[in-house]
Each structure stands twice: as C-alpha cells, then as structure tokens.
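Worksheet: one structure, shown below.
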Amino acid sequence: MKTSGMKIYGVTGWKNAGKTGLMERLVAEFCARGLTVSTIKHAHHETEIDHPGRDSYRHREAGAHEVLVSSPVRWALMQELRGTPEPALEDLLTRLSPVDLVLVEGYKRAPHPKVEAHRLETGRPLLAPENATVRAVATNAIAGDPALDGVTVPLLAHDDTAAITDFILSELGLAP
C-alpha cells in the first residue's frame with residue numbers, strides 16, 4: 001500500500017506478542033538511517049488520550065466534535081466519533097503529513113504488508129499461515145519449533161531490529 005508517495009508497512013500480532021516494543025525499535029532504527037517516519041496505532045478498546053479535568057477533555061465532554069490542543073512543543077487533534085463508524089486506515093493515512101514511511105501497528109486484516117510479532121509464551125497461533133499480508137515473522141522461536149509449523153515466510157529474530165529493518169526496506173524497495 002502506498003499513499004501520496006508514502007510507503008506503508010505494518011507490525012501485527014496477538015496481544016503481548018511484542019508489537020509495541022518492536023514498533024518503538026523500528027521507528028528509532030529507521031530514523032537513525034535518515035528516514036522520516038510516522039506511526040498509526042490501532043486499538044480494539046476505547047482509547048483515552050485526554051484526562052478528566054483537562055480543558056480539552058471538558059470541551060469534548062461538552063459536545064465538541066473536534067478539539068485541537070496546541071503548545072510550543074506539539075499539537076494534537078482529537079475527533080469524537082459519537083456513534084459514527086471508525087474511519088478506515090486509508091482515510092486516516094490521508095490525514096498524515098508526508099513522510100518516507102508510515103509504520104502501522106495492528107490492523108491485522110488491512111491490505112498493507114506486515115511483519116508479525118510473535119512470542120512463544122503467548123501460546124497464540126501464528127497469523128502468517130492464514131494471512132497473505134504477513135511477509136515475515138519476527139519471533140523468539142527457533143527454526144524447527146512446532147509453533148512455526150505452516151510458516152512459509154521468512155523467520156527473523158524478534159530482537160534483531162537491524163535485520164527486521166533491512167527486510168522491510170528491501171520489501172519497500174528502499175534498501176541501499
């Protein structure tokens with residue numbers, strides 16, 4: 001998936017599989033290699049980024065559709081859905097400023113390519129055998145482990161950030 005020249009790549013997997021830690025390491029690695037990166041994180045639960053008592057929270061609670069908070073170091077735009085459907089990933093991508101790469105955490109069923117984060121201790125089955133958008137598995141399992149049965153995509157060490165970064169760059173045609 002590509003939006004307005006931005007490359008899109010995902011990190012997916014089950015809860016506690018190490019997605020957020022992998023995302024954090026990947027962002028740092030891509031930035032260290034000179035790329036501009038933005039992220040989108042999907043949550044399956046109500047996510048609260050504002051807190052009771054804050055002025056912006058009070059604006060939302062009063063019924064504001066959008067609240068924009070600005071300061072000398074950052075700004076944020078919050079939009080209340082108020083019963084309307086959650087926007088599609090494609091719609092959210094159009095709201096981002098142009099960057100070299102957008103890393104997406106979650107969105108298992110979206111069509112962009114992904115690396116699956118997998119940890120044996122979760123006991124969850126791999127998504128890769130049933131999900132063609134998973135292009136590699138970053139795992140703490142070793143080749144030959146029965147948990148990896150049916151996996152036909154490359155296996156990468158979950159903690160080898162450089163190798164995972166190299167893989168994604170190659171997939172996106174950005175490798176040096």
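Following the order of the structure tokens, first chain is A, next is B, and so on, with residues numbered from 1 inside each chain and ligands from 1 in the order they appear.
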
Test item: residues at most 8 Å from Ala136 in chain A, only C-alpha atoms, excluding those fewer than 2 positions along its chain, as a PyMOL selection string: chain A and resi 114-116+128+134+138+153-156

Write down as JSON, numbers by chain the residues of range 45-147 of chain A whose backbone DSSP state falls under strand (DSSP E or B). {"A": [66, 67, 68, 69, 70, 75, 76, 77, 78, 79, 101, 102, 103, 104, 105, 114, 115, 116, 117, 118, 134, 135, 136, 137, 138, 139]}

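Minimum distance to Ser56 in chain A across A:Leu81, A:Val104, A:Ala76, A:Ala162 (counting only C-alpha atoms) occurs at A:Ala76.
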
Mind checking which residues fall within 10 Å of range 83-93 of chain A, counting only C-alpha atoms, ignoring those fewer than 3 positions away in the same chain, and posting them as a list in words? Met1, Lys2, Thr3, Ser4, Met6, Ile8, Ser38, Thr39, Ile40, His42, Glu80, Leu96, Ser97, Pro98, Val102, Val104, Tyr107, Ala110, Pro111 and His112 of chain A

Taking N, CA and C atoms for each residue, export the selection above as a PDB file, in the first residue's frame.
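That gives us out-v9.pdb:
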ATOM      1  N   MET A   1       0.848  -1.176   0.000  1.00  0.00           N
ATOM      2  CA  MET A   1       0.000   0.000   0.000  1.00  0.00           C
ATOM      3  C   MET A   1       0.891   1.235   0.000  1.00  0.00           C
ATOM      4  N   LYS A   2       0.521   2.217  -0.797  1.00  0.00           N
ATOM      5  CA  LYS A   2       1.291   3.446  -0.908  1.00  0.00           C
ATOM      6  C   LYS A   2       0.304   4.606  -0.976  1.00  0.00           C
ATOM      7  N   THR A   3       0.509   5.655  -0.198  1.00  0.00           N
ATOM      8  CA  THR A   3      -0.385   6.802  -0.177  1.00  0.00           C
ATOM      9  C   THR A   3       0.421   8.062  -0.394  1.00  0.00           C
ATOM     10  N   SER A   4       0.135   8.770  -1.481  1.00  0.00           N
ATOM     11  CA  SER A   4       0.794  10.046  -1.795  1.00  0.00           C
ATOM     12  C   SER A   4       2.304   9.956  -1.666  1.00  0.00           C
ATOM     13  N   MET A   6       4.010   8.040   0.179  1.00  0.00           N
ATOM     14  CA  MET A   6       4.460   7.459   1.451  1.00  0.00           C
ATOM     15  C   MET A   6       4.382   5.943   1.365  1.00  0.00           C
ATOM     16  N   ILE A   8       3.997   2.341   3.210  1.00  0.00           N
ATOM     17  CA  ILE A   8       3.248   1.857   4.373  1.00  0.00           C
ATOM     18  C   ILE A   8       3.706   0.442   4.685  1.00  0.00           C
ATOM     19  N   SER A  38       6.247   8.189  10.451  1.00  0.00           N
ATOM     20  CA  SER A  38       5.067   8.427  11.275  1.00  0.00           C
ATOM     21  C   SER A  38       4.470   7.075  11.617  1.00  0.00           C
ATOM     22  N   THR A  39       3.621   7.040  12.622  1.00  0.00           N
ATOM     23  CA  THR A  39       3.010   5.780  13.029  1.00  0.00           C
ATOM     24  C   THR A  39       1.508   5.941  13.193  1.00  0.00           C
ATOM     25  N   ILE A  40       0.812   4.831  13.013  1.00  0.00           N
ATOM     26  CA  ILE A  40      -0.604   4.720  13.336  1.00  0.00           C
ATOM     27  C   ILE A  40      -0.743   3.482  14.194  1.00  0.00           C
ATOM     28  N   HIS A  42      -3.563   0.999  16.064  1.00  0.00           N
ATOM     29  CA  HIS A  42      -4.970   0.634  16.185  1.00  0.00           C
ATOM     30  C   HIS A  42      -5.204   0.003  17.544  1.00  0.00           C
ATOM     31  N   GLU A  80     -14.114  13.185  18.091  1.00  0.00           N
ATOM     32  CA  GLU A  80     -15.076  12.273  18.701  1.00  0.00           C
ATOM     33  C   GLU A  80     -15.938  11.662  17.611  1.00  0.00           C
ATOM     34  N   LEU A  96      -2.208  12.301   7.565  1.00  0.00           N
ATOM     35  CA  LEU A  96      -0.814  12.444   7.968  1.00  0.00           C
ATOM     36  C   LEU A  96      -0.055  13.356   7.012  1.00  0.00           C
ATOM     37  N   SER A  97       0.889  14.083   7.565  1.00  0.00           N
ATOM     38  CA  SER A  97       1.813  14.864   6.733  1.00  0.00           C
ATOM     39  C   SER A  97       2.730  13.889   6.008  1.00  0.00           C
ATOM     40  N   PRO A  98       3.219  14.261   4.824  1.00  0.00           N
ATOM     41  CA  PRO A  98       4.091  13.357   4.069  1.00  0.00           C
ATOM     42  C   PRO A  98       5.373  12.988   4.825  1.00  0.00           C
ATOM     43  N   VAL A 102       5.268   5.162   6.814  1.00  0.00           N
ATOM     44  CA  VAL A 102       4.279   5.094   7.886  1.00  0.00           C
ATOM     45  C   VAL A 102       4.281   3.657   8.393  1.00  0.00           C
ATOM     46  N   VAL A 104       2.483   0.972  10.760  1.00  0.00           N
ATOM     47  CA  VAL A 104       1.132   0.772  11.283  1.00  0.00           C
ATOM     48  C   VAL A 104       1.154  -0.398  12.252  1.00  0.00           C
ATOM     49  N   TYR A 107      -4.207  -3.516  12.836  1.00  0.00           N
ATOM     50  CA  TYR A 107      -4.882  -3.636  11.537  1.00  0.00           C
ATOM     51  C   TYR A 107      -4.523  -4.953  10.845  1.00  0.00           C
ATOM     52  N   ALA A 110      -6.035  -5.435   7.265  1.00  0.00           N
ATOM     53  CA  ALA A 110      -5.837  -4.414   6.230  1.00  0.00           C
ATOM     54  C   ALA A 110      -4.855  -4.936   5.178  1.00  0.00           C
ATOM     55  N   PRO A 111      -4.908  -4.387   3.956  1.00  0.00           N
ATOM     56  CA  PRO A 111      -4.136  -4.974   2.846  1.00  0.00           C
ATOM     57  C   PRO A 111      -2.649  -4.630   2.779  1.00  0.00           C
ATOM     58  N   HIS A 112      -2.140  -3.776   3.663  1.00  0.00           N
ATOM     59  CA  HIS A 112      -0.720  -3.422   3.587  1.00  0.00           C
ATOM     60  C   HIS A 112       0.156  -4.589   4.062  1.00  0.00           C
TER      61      HIS A 112
END

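Between Glu171 in chain A and the residues A:Tyr57, A:His158, A:Arg135, A:Leu68, the shortest atom-to-atom distance, using only C-alpha atoms, involves A:Arg135.
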
Please identify all polymer residues within 10 Å of range 14-18 of chain A, counting only C-alpha atoms, omitting same-chain residues fewer than 4 positions from it, and present them as a ChimeraX atom specification. /A:22-23,106,108,116-127,138-140,158-159

Between A:Arg82, A:Lys7, A:Arg74, A:Lys41, which one has atoms that come closest to Lys19 in chain A, using only C-alpha atoms? A:Lys41

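From CA of Leu101 in chain A back to CA of Arg25 in chain A, the distance works out to 14.4 Å.
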
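Restricting the calculation to only C-alpha atoms, the smallest distance between Ala32 in chain A and any of A:Thr152, A:Thr47, A:Thr20, A:Thr165 is found for A:Thr165.
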